[in-house]
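File shown: target22.cif. Contents: mmCIF, C-alpha atoms.
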data_model
loop_
_atom_site.label_atom_id
_atom_site.label_comp_id
_atom_site.auth_asym_id
_atom_site.auth_seq_id
_atom_site.Cartn_x
_atom_site.Cartn_y
_atom_site.Cartn_z
CA MET A 1 58.17 -47.71 6.14
CA GLU A 2 57.99 -44.07 5.03
CA MET A 3 59.41 -44.98 1.62
CA TYR A 4 56.87 -47.79 1.15
CA GLY A 5 54.07 -45.41 2.08
CA GLU A 6 55.35 -42.92 -0.50
CA ILE A 7 55.40 -45.63 -3.17
CA ILE A 8 51.83 -46.69 -2.34
CA LEU A 9 50.56 -43.10 -2.43
CA ARG A 10 52.34 -42.39 -5.71
CA THR A 11 51.00 -45.57 -7.27
CA VAL A 12 47.41 -44.78 -6.30
CA PHE A 13 47.76 -41.14 -7.40
CA LEU A 14 49.35 -42.03 -10.75
CA TYR A 15 46.75 -44.74 -11.36
CA ILE A 16 43.90 -42.27 -10.92
CA PHE A 17 45.77 -39.53 -12.83
CA ILE A 18 46.51 -41.77 -15.84
CA LEU A 19 42.90 -43.00 -15.91
CA ILE A 20 41.73 -39.38 -16.08
CA VAL A 21 44.28 -38.54 -18.81
CA PHE A 22 43.31 -41.55 -20.96
CA ARG A 23 39.63 -40.81 -20.45
CA MET A 24 40.14 -37.23 -21.64
CA MET A 25 42.02 -38.48 -24.71
CA GLY A 26 38.81 -40.10 -25.95
CA LYS A 27 37.45 -43.57 -26.48
CA ARG A 28 39.38 -45.81 -28.81
CA GLU A 29 39.95 -49.55 -28.89
CA VAL A 30 43.49 -50.79 -28.36
CA GLY A 31 43.46 -52.44 -31.79
CA GLU A 32 42.51 -49.12 -33.40
CA LEU A 33 45.33 -47.03 -31.95
CA SER A 34 47.12 -44.82 -34.46
CA ILE A 35 50.91 -44.50 -34.56
CA MET A 36 50.60 -41.18 -32.72
CA ASP A 37 48.46 -42.81 -30.01
CA LEU A 38 50.94 -45.64 -29.58
CA VAL A 39 53.94 -43.29 -29.27
CA VAL A 40 52.16 -41.15 -26.67
CA PHE A 41 51.06 -44.18 -24.63
CA ILE A 42 54.57 -45.66 -24.61
CA LEU A 43 56.08 -42.34 -23.47
CA ILE A 44 53.44 -41.98 -20.75
CA ALA A 45 54.24 -45.50 -19.54
CA GLU A 46 57.94 -44.56 -19.32
CA CYS A 47 57.11 -41.40 -17.36
CA VAL A 48 55.03 -43.41 -14.89
CA ALA A 49 57.86 -45.92 -14.46
CA PHE A 50 60.34 -43.13 -13.64
CA ALA A 51 57.83 -41.58 -11.21
CA LEU A 52 57.54 -44.85 -9.28
CA GLU A 53 61.28 -45.56 -9.28
CA ASP A 54 62.48 -42.12 -8.16
CA VAL A 55 60.38 -41.41 -5.06
CA GLU A 56 62.67 -38.58 -3.96
CA LYS A 57 61.78 -36.51 -7.02
CA PRO A 58 58.69 -34.26 -6.63
CA VAL A 59 55.57 -35.82 -8.14
CA PHE A 60 54.80 -32.74 -10.25
CA GLN A 61 58.15 -33.03 -12.07
CA ASN A 62 57.18 -36.58 -13.00
CA ILE A 63 53.68 -35.80 -14.19
CA LEU A 64 54.67 -32.62 -16.09
CA PRO A 65 55.86 -34.63 -19.16
CA ILE A 66 52.56 -36.57 -19.03
CA ILE A 67 50.59 -33.32 -19.05
CA ILE A 68 52.66 -32.08 -22.02
CA LEU A 69 52.06 -35.34 -23.88
CA PHE A 70 48.35 -35.07 -23.19
CA LEU A 71 48.28 -31.51 -24.55
CA ILE A 72 50.16 -32.63 -27.69
CA GLN A 73 47.71 -35.48 -28.22
CA TYR A 74 44.70 -33.25 -27.56
CA LEU A 75 45.96 -30.62 -30.02
CA ASN A 76 46.67 -33.35 -32.57
CA SER A 77 43.13 -34.71 -32.21
CA LEU A 78 41.65 -31.24 -32.80
CA ILE A 79 43.76 -30.68 -35.92
CA THR A 80 43.07 -34.12 -37.40
CA LEU A 81 39.36 -33.77 -36.66
CA LYS A 82 39.17 -30.67 -38.84
CA ASN A 83 41.69 -31.53 -41.55
CA LYS A 84 41.59 -34.83 -43.47
CA ASN A 85 44.97 -34.23 -45.14
CA VAL A 86 46.69 -33.95 -41.75
CA ARG A 87 44.73 -36.98 -40.53
CA ASP A 88 45.93 -39.06 -43.48
CA LEU A 89 49.50 -37.84 -42.99
CA ILE A 90 49.61 -38.80 -39.30
CA ASP A 91 47.30 -41.81 -39.10
CA GLY A 92 47.78 -43.12 -42.63
CA ASP A 93 45.18 -44.22 -45.16
CA PRO A 94 43.65 -47.68 -45.74
CA SER A 95 45.43 -49.74 -48.39
CA ILE A 96 43.70 -52.04 -50.85
CA ILE A 97 45.28 -55.47 -50.44
CA VAL A 98 42.74 -57.50 -52.45
CA GLU A 99 40.55 -56.23 -55.28
CA LYS A 100 38.03 -58.46 -57.05
CA GLY A 101 39.82 -61.61 -55.86
CA VAL A 102 43.28 -60.42 -56.99
CA ILE A 103 46.05 -59.75 -54.45
CA ASN A 104 47.78 -56.38 -54.84
CA GLN A 105 51.43 -57.42 -54.62
CA GLU A 106 52.84 -53.90 -55.00
CA GLU A 107 50.75 -52.56 -52.12
CA MET A 108 51.74 -55.53 -49.95
CA LYS A 109 55.44 -54.77 -50.55
CA LYS A 110 54.84 -51.10 -49.81
CA GLN A 111 53.12 -51.91 -46.51
CA ARG A 112 55.59 -54.74 -45.68
CA TYR A 113 52.61 -57.05 -45.42
CA ASN A 114 53.16 -60.68 -46.42
CA LEU A 115 50.93 -63.57 -47.46
CA ASP A 116 51.14 -65.20 -44.04
CA ASP A 117 49.69 -62.00 -42.51
CA LEU A 118 46.92 -61.97 -45.11
CA PHE A 119 45.99 -65.64 -44.66
CA GLN A 120 46.05 -65.35 -40.86
CA GLN A 121 43.64 -62.42 -40.88
CA MET A 122 41.44 -64.18 -43.43
CA ARG A 123 41.22 -67.19 -41.11
CA GLU A 124 40.38 -64.92 -38.18
CA GLU A 125 37.52 -63.44 -40.24
CA GLY A 126 36.37 -66.89 -41.40
CA VAL A 127 37.16 -66.21 -45.08
CA PRO A 128 38.39 -69.40 -46.79
CA SER A 129 39.42 -68.07 -50.22
CA VAL A 130 40.97 -64.94 -51.73
CA GLN A 131 38.72 -65.43 -54.77
CA SER A 132 35.64 -64.86 -52.59
CA ILE A 133 36.87 -61.38 -51.61
CA ASP A 134 35.52 -58.33 -53.40
CA TYR A 135 37.73 -55.86 -51.53
CA ALA A 136 40.10 -56.18 -48.58
CA PHE A 137 41.45 -53.02 -46.93
CA LEU A 138 44.45 -52.94 -44.61
CA GLU A 139 43.44 -50.29 -42.08
CA PRO A 140 45.97 -47.90 -40.44
CA SER A 141 45.52 -49.90 -37.22
CA GLY A 142 46.74 -53.06 -39.01
CA LYS A 143 43.29 -54.68 -39.09
CA LEU A 144 42.11 -56.23 -42.36
CA SER A 145 38.58 -55.21 -43.38
CA ILE A 146 37.12 -57.77 -45.79
CA PHE A 147 34.12 -57.36 -48.10
CA LEU A 148 32.95 -60.53 -49.83
CA LYS A 149 31.56 -60.77 -53.36
CA SER A 150 28.38 -62.38 -52.03
CA GLU A 151 27.62 -59.45 -49.72
CA ASP A 152 25.96 -56.12 -50.50
CA PRO A 153 28.06 -53.89 -52.78
CA LEU A 154 30.75 -51.84 -51.08
CA ILE A 155 29.69 -48.20 -50.60
CA LEU A 156 32.70 -45.90 -50.58
CA PRO A 157 32.80 -42.34 -49.23
CA LEU A 158 33.44 -39.90 -52.08
CA ILE A 159 33.73 -36.75 -49.97
CA VAL A 160 35.02 -36.64 -46.40
CA ASP A 161 35.25 -33.39 -44.43
CA GLY A 162 35.02 -31.35 -47.63
CA TYR A 163 37.74 -33.32 -49.44
CA ILE A 164 37.09 -35.45 -52.53
CA VAL A 165 38.51 -38.98 -52.10
CA GLU A 166 40.06 -39.40 -55.55
CA LYS A 167 41.13 -43.01 -55.08
CA HIS A 168 37.54 -44.07 -54.34
CA LEU A 169 36.39 -42.41 -57.55
CA LYS A 170 39.10 -44.33 -59.35
CA LEU A 171 37.88 -47.60 -57.81
CA MET A 172 34.38 -46.80 -59.07
CA LYS A 173 35.88 -45.95 -62.48
CA LYS A 174 34.41 -42.46 -62.23
CA GLU A 175 35.87 -39.02 -62.85
CA ARG A 176 35.88 -35.93 -60.63
CA SER A 177 33.72 -34.17 -63.22
CA TRP A 178 31.08 -36.91 -62.84
CA LEU A 179 30.88 -36.34 -59.08
CA LEU A 180 30.68 -32.56 -59.45
CA LEU A 181 27.86 -32.97 -61.99
CA LYS A 182 25.92 -35.30 -59.67
CA LEU A 183 26.33 -32.85 -56.80
CA LYS A 184 25.18 -29.96 -58.95
CA GLU A 185 22.11 -31.92 -60.05
CA ALA A 186 21.33 -32.56 -56.36
CA GLY A 187 21.67 -28.86 -55.57
CA TYR A 188 25.14 -28.79 -54.02
CA GLU A 189 27.59 -26.21 -55.34
CA LYS A 190 30.28 -25.97 -52.64
CA ILE A 191 32.26 -29.08 -51.77
CA ASP A 192 33.72 -27.38 -48.69
CA ASP A 193 30.26 -27.42 -47.07
CA ILE A 194 29.91 -31.20 -47.39
CA PHE A 195 30.75 -33.32 -44.35
CA TYR A 196 30.09 -36.71 -45.97
CA CYS A 197 29.00 -37.91 -49.40
CA CYS A 198 28.55 -41.33 -50.97
CA TYR A 199 26.86 -42.80 -54.04
CA GLU A 200 24.36 -45.58 -53.39
CA ASN A 201 21.52 -47.06 -55.47
CA GLU A 202 22.31 -44.55 -58.23
CA LYS A 203 21.75 -41.62 -55.84
CA ILE A 204 24.02 -39.11 -54.21
CA HIS A 205 23.71 -39.06 -50.40
CA VAL A 206 25.03 -35.93 -48.71
CA GLN A 207 25.34 -34.69 -45.15
CA LEU A 208 26.32 -31.03 -44.75
CA LYS A 209 28.84 -29.79 -42.19
CA SER A 210 26.85 -26.93 -40.75
CA THR A 211 23.30 -28.23 -40.49
CA GLY A 212 23.83 -32.02 -40.56
CA ASN A 213 20.94 -32.32 -43.00
CA ASP A 214 20.77 -35.47 -45.12
CA ARG A 215 19.52 -35.05 -48.65
CA THR A 216 19.47 -37.29 -51.73
#
Translate this structure into structure tokens?
Amino acid sequence: MEMYGEIILRTVFLYIFILIVFRMMGKREVGELSIMDLVVFILIAECVAFALEDVEKPVFQNILPIIILFLIQYLNSLITLKNKNVRDLIDGDPSIIVEKGVINQEEMKKQRYNLDDLFQQMREEGVPSVQSIDYAFLEPSGKLSIFLKSEDPLILPLIVDGYIVEKHLKLMKKERSWLLLKLKEAGYEKIDDIFYCCYENEKIHVQLKSTGNDRT
């Protein structure tokens, strides 16, 4: 009976402890977990399993790896929050699977993403035809984000966390010099100070890092 009581107490304790750990890691949907998130969650699940199986081992020895994993994940979230290059390296970057109704075969091979995957996600989004797609992005989470030709034009971020998104400029068939000129005309000299920037309705929209002001 003593062993069963220990198992019950450990289960309740670990349940509450893991809830607190996951809550502190931040809010994120299961379908939006990054590779780093998934690895950490799997390792935590293994640690919990060992803690419940080996009741003779002190609880702290079992939860110590969980605490270390939490600290790694917390540190990773701080670094990726401040540095887009690190964020892209760890979490990955969206891939263009369909552009103007044309399937990007090279990108599909690179991402090991086949036509059955594409058609399944199109059906799930209620999209009947590839030709009706303006752009389709395969997100790092594996979700397919679809923008139809009949919808409003796709507005792409041109600057994120002080970094120019070159591939979005390329999609718009614009040069870096064009963006810098538009920013200068709007009164912005330092790209490092810009938190977010996009181009919509022939206007530059900017939000600064420090003040959060929105100017056009």
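Evaluated against the shown file, the PyMOL selection byres ((chain A and resi 142) around 12) gives Val30, Gly31, Glu32, Leu33, Ser34, Ile35, Asp91, Gly92, Asp93, Pro94, Ser95, Ile97, Gln111, Arg112, Tyr113, Asp117, Leu118, Gln121, Phe137, Leu138, Glu139, Pro140, Ser141, Lys143, Leu144 and Ser145 of chain A.
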Atom-to-atom span, CA of Ile191 in chain A and CA of Ile164 in chain A, Å: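 Computing it gives 8.0 Å between the two atoms.
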Residues returned when the PyMOL selection byres ((chain A and resi 175-181) around 12) runs on this file, as a ChimeraX atom specification: /A:157-159,163-174,182-191,197-199,202-206
Selection dump of the PyMOL selection byres ((chain A and resi 45-56) around 8), as JSON, numbers by chain: {"A": [3, 6, 7, 10, 11, 14, 41, 42, 43, 44, 57, 58, 59, 62, 63, 65, 66]}
Distance in Å - CA of Lys149 in chain A versus CA of Ser129 in chain A: 11.2 Å
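Checking A:Met122, A:Ile20, A:Ile90, A:Val130 one by one against Asn104 in chain A, counting all atoms listed in the file, you find the shortest gap at A:Val130.
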Proximity to Gln131 in chain A - best of A:Ile18, A:Leu156, A:Lys110, A:Val102, only C-alpha atoms: A:Val102
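Atom pair CA of Asp161 in chain A / CA of Lys84 in chain A: separated by 6.6 Å.
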Can I get range 178-189 of chain A with all heavy atoms filled in, as a PDB file, keeping the file's coordinate frame?
ATOM      1  N   TRP A 178      32.329 -36.169 -63.032  1.00  0.00           N
ATOM      2  CA  TRP A 178      31.080 -36.910 -62.840  1.00  0.00           C
ATOM      3  C   TRP A 178      30.484 -36.606 -61.465  1.00  0.00           C
ATOM      4  O   TRP A 178      29.290 -36.352 -61.327  1.00  0.00           O
ATOM      5  CB  TRP A 178      31.326 -38.410 -62.979  1.00  0.00           C
ATOM      6  CG  TRP A 178      30.180 -39.275 -62.543  1.00  0.00           C
ATOM      7  CD1 TRP A 178      29.099 -39.648 -63.272  1.00  0.00           C
ATOM      8  CD2 TRP A 178      30.005 -39.853 -61.238  1.00  0.00           C
ATOM      9  NE1 TRP A 178      28.253 -40.426 -62.522  1.00  0.00           N
ATOM     10  CE2 TRP A 178      28.772 -40.572 -61.271  1.00  0.00           C
ATOM     11  CE3 TRP A 178      30.739 -39.846 -60.064  1.00  0.00           C
ATOM     12  CZ2 TRP A 178      28.299 -41.268 -60.166  1.00  0.00           C
ATOM     13  CZ3 TRP A 178      30.271 -40.528 -58.966  1.00  0.00           C
ATOM     14  CH2 TRP A 178      29.050 -41.232 -59.022  1.00  0.00           C
ATOM     15  N   LEU A 179      31.339 -36.612 -60.438  1.00  0.00           N
ATOM     16  CA  LEU A 179      30.880 -36.340 -59.080  1.00  0.00           C
ATOM     17  C   LEU A 179      30.361 -34.903 -58.961  1.00  0.00           C
ATOM     18  O   LEU A 179      29.297 -34.661 -58.370  1.00  0.00           O
ATOM     19  CB  LEU A 179      32.009 -36.576 -58.083  1.00  0.00           C
ATOM     20  CG  LEU A 179      31.708 -36.230 -56.617  1.00  0.00           C
ATOM     21  CD1 LEU A 179      30.522 -37.038 -56.098  1.00  0.00           C
ATOM     22  CD2 LEU A 179      32.936 -36.458 -55.750  1.00  0.00           C
ATOM     23  N   LEU A 180      31.099 -33.968 -59.509  1.00  0.00           N
ATOM     24  CA  LEU A 180      30.680 -32.560 -59.450  1.00  0.00           C
ATOM     25  C   LEU A 180      29.338 -32.355 -60.153  1.00  0.00           C
ATOM     26  O   LEU A 180      28.493 -31.579 -59.683  1.00  0.00           O
ATOM     27  CB  LEU A 180      31.749 -31.674 -60.093  1.00  0.00           C
ATOM     28  CG  LEU A 180      33.102 -31.630 -59.365  1.00  0.00           C
ATOM     29  CD1 LEU A 180      34.102 -30.792 -60.139  1.00  0.00           C
ATOM     30  CD2 LEU A 180      32.933 -31.092 -57.950  1.00  0.00           C
ATOM     31  N   LEU A 181      29.126 -33.068 -61.266  1.00  0.00           N
ATOM     32  CA  LEU A 181      27.860 -32.970 -61.990  1.00  0.00           C
ATOM     33  C   LEU A 181      26.715 -33.530 -61.161  1.00  0.00           C
ATOM     34  O   LEU A 181      25.628 -32.924 -61.073  1.00  0.00           O
ATOM     35  CB  LEU A 181      27.959 -33.709 -63.329  1.00  0.00           C
ATOM     36  CG  LEU A 181      26.685 -33.733 -64.190  1.00  0.00           C
ATOM     37  CD1 LEU A 181      26.271 -32.311 -64.567  1.00  0.00           C
ATOM     38  CD2 LEU A 181      26.891 -34.583 -65.440  1.00  0.00           C
ATOM     39  N   LYS A 182      26.947 -34.685 -60.515  1.00  0.00           N
ATOM     40  CA  LYS A 182      25.920 -35.300 -59.670  1.00  0.00           C
ATOM     41  C   LYS A 182      25.565 -34.385 -58.489  1.00  0.00           C
ATOM     42  O   LYS A 182      24.394 -34.263 -58.115  1.00  0.00           O
ATOM     43  CB  LYS A 182      26.409 -36.654 -59.153  1.00  0.00           C
ATOM     44  CG  LYS A 182      26.439 -37.759 -60.201  1.00  0.00           C
ATOM     45  CD  LYS A 182      25.028 -38.134 -60.626  1.00  0.00           C
ATOM     46  CE  LYS A 182      25.030 -39.274 -61.620  1.00  0.00           C
ATOM     47  NZ  LYS A 182      23.655 -39.605 -62.078  1.00  0.00           N
ATOM     48  N   LEU A 183      26.575 -33.760 -57.918  1.00  0.00           N
ATOM     49  CA  LEU A 183      26.330 -32.850 -56.800  1.00  0.00           C
ATOM     50  C   LEU A 183      25.537 -31.627 -57.253  1.00  0.00           C
ATOM     51  O   LEU A 183      24.620 -31.175 -56.561  1.00  0.00           O
ATOM     52  CB  LEU A 183      27.667 -32.405 -56.189  1.00  0.00           C
ATOM     53  CG  LEU A 183      28.437 -33.466 -55.391  1.00  0.00           C
ATOM     54  CD1 LEU A 183      29.823 -32.956 -55.040  1.00  0.00           C
ATOM     55  CD2 LEU A 183      27.683 -33.850 -54.134  1.00  0.00           C
ATOM     56  N   LYS A 184      25.889 -31.132 -58.420  1.00  0.00           N
ATOM     57  CA  LYS A 184      25.180 -29.960 -58.950  1.00  0.00           C
ATOM     58  C   LYS A 184      23.727 -30.287 -59.230  1.00  0.00           C
ATOM     59  O   LYS A 184      22.820 -29.491 -58.946  1.00  0.00           O
ATOM     60  CB  LYS A 184      25.877 -29.476 -60.230  1.00  0.00           C
ATOM     61  CG  LYS A 184      25.346 -28.145 -60.739  1.00  0.00           C
ATOM     62  CD  LYS A 184      26.170 -27.646 -61.914  1.00  0.00           C
ATOM     63  CE  LYS A 184      25.652 -26.292 -62.379  1.00  0.00           C
ATOM     64  NZ  LYS A 184      26.448 -25.766 -63.522  1.00  0.00           N
ATOM     65  N   GLU A 185      23.481 -31.485 -59.776  1.00  0.00           N
ATOM     66  CA  GLU A 185      22.110 -31.920 -60.050  1.00  0.00           C
ATOM     67  C   GLU A 185      21.300 -32.043 -58.761  1.00  0.00           C
ATOM     68  O   GLU A 185      20.080 -31.835 -58.742  1.00  0.00           O
ATOM     69  CB  GLU A 185      22.120 -33.257 -60.794  1.00  0.00           C
ATOM     70  CG  GLU A 185      22.624 -33.157 -62.224  1.00  0.00           C
ATOM     71  CD  GLU A 185      22.747 -34.520 -62.889  1.00  0.00           C
ATOM     72  OE1 GLU A 185      22.581 -35.538 -62.180  1.00  0.00           O
ATOM     73  OE2 GLU A 185      23.017 -34.575 -64.102  1.00  0.00           O
ATOM     74  N   ALA A 186      21.994 -32.407 -57.650  1.00  0.00           N
ATOM     75  CA  ALA A 186      21.330 -32.560 -56.360  1.00  0.00           C
ATOM     76  C   ALA A 186      21.215 -31.238 -55.606  1.00  0.00           C
ATOM     77  O   ALA A 186      20.635 -31.192 -54.514  1.00  0.00           O
ATOM     78  CB  ALA A 186      22.061 -33.591 -55.503  1.00  0.00           C
ATOM     79  N   GLY A 187      21.789 -30.175 -56.179  1.00  0.00           N
ATOM     80  CA  GLY A 187      21.670 -28.860 -55.570  1.00  0.00           C
ATOM     81  C   GLY A 187      22.824 -28.447 -54.682  1.00  0.00           C
ATOM     82  O   GLY A 187      22.688 -27.530 -53.869  1.00  0.00           O
ATOM     83  N   TYR A 188      23.975 -29.108 -54.843  1.00  0.00           N
ATOM     84  CA  TYR A 188      25.140 -28.790 -54.020  1.00  0.00           C
ATOM     85  C   TYR A 188      26.219 -28.153 -54.897  1.00  0.00           C
ATOM     86  O   TYR A 188      26.683 -28.760 -55.862  1.00  0.00           O
ATOM     87  CB  TYR A 188      25.705 -30.040 -53.341  1.00  0.00           C
ATOM     88  CG  TYR A 188      24.712 -30.712 -52.423  1.00  0.00           C
ATOM     89  CD1 TYR A 188      23.978 -31.816 -52.843  1.00  0.00           C
ATOM     90  CD2 TYR A 188      24.509 -30.233 -51.141  1.00  0.00           C
ATOM     91  CE1 TYR A 188      23.058 -32.423 -52.004  1.00  0.00           C
ATOM     92  CE2 TYR A 188      23.598 -30.836 -50.285  1.00  0.00           C
ATOM     93  CZ  TYR A 188      22.878 -31.927 -50.731  1.00  0.00           C
ATOM     94  OH  TYR A 188      21.969 -32.527 -49.892  1.00  0.00           O
ATOM     95  N   GLU A 189      26.615 -26.948 -54.550  1.00  0.00           N
ATOM     96  CA  GLU A 189      27.590 -26.210 -55.340  1.00  0.00           C
ATOM     97  C   GLU A 189      28.977 -26.206 -54.688  1.00  0.00           C
ATOM     98  O   GLU A 189      29.987 -26.278 -55.371  1.00  0.00           O
ATOM     99  CB  GLU A 189      27.118 -24.768 -55.551  1.00  0.00           C
ATOM    100  CG  GLU A 189      25.795 -24.647 -56.321  1.00  0.00           C
ATOM    101  CD  GLU A 189      25.937 -24.964 -57.797  1.00  0.00           C
ATOM    102  OE1 GLU A 189      27.084 -24.985 -58.289  1.00  0.00           O
ATOM    103  OE2 GLU A 189      24.906 -25.198 -58.452  1.00  0.00           O
TER     104      GLU A 189
END
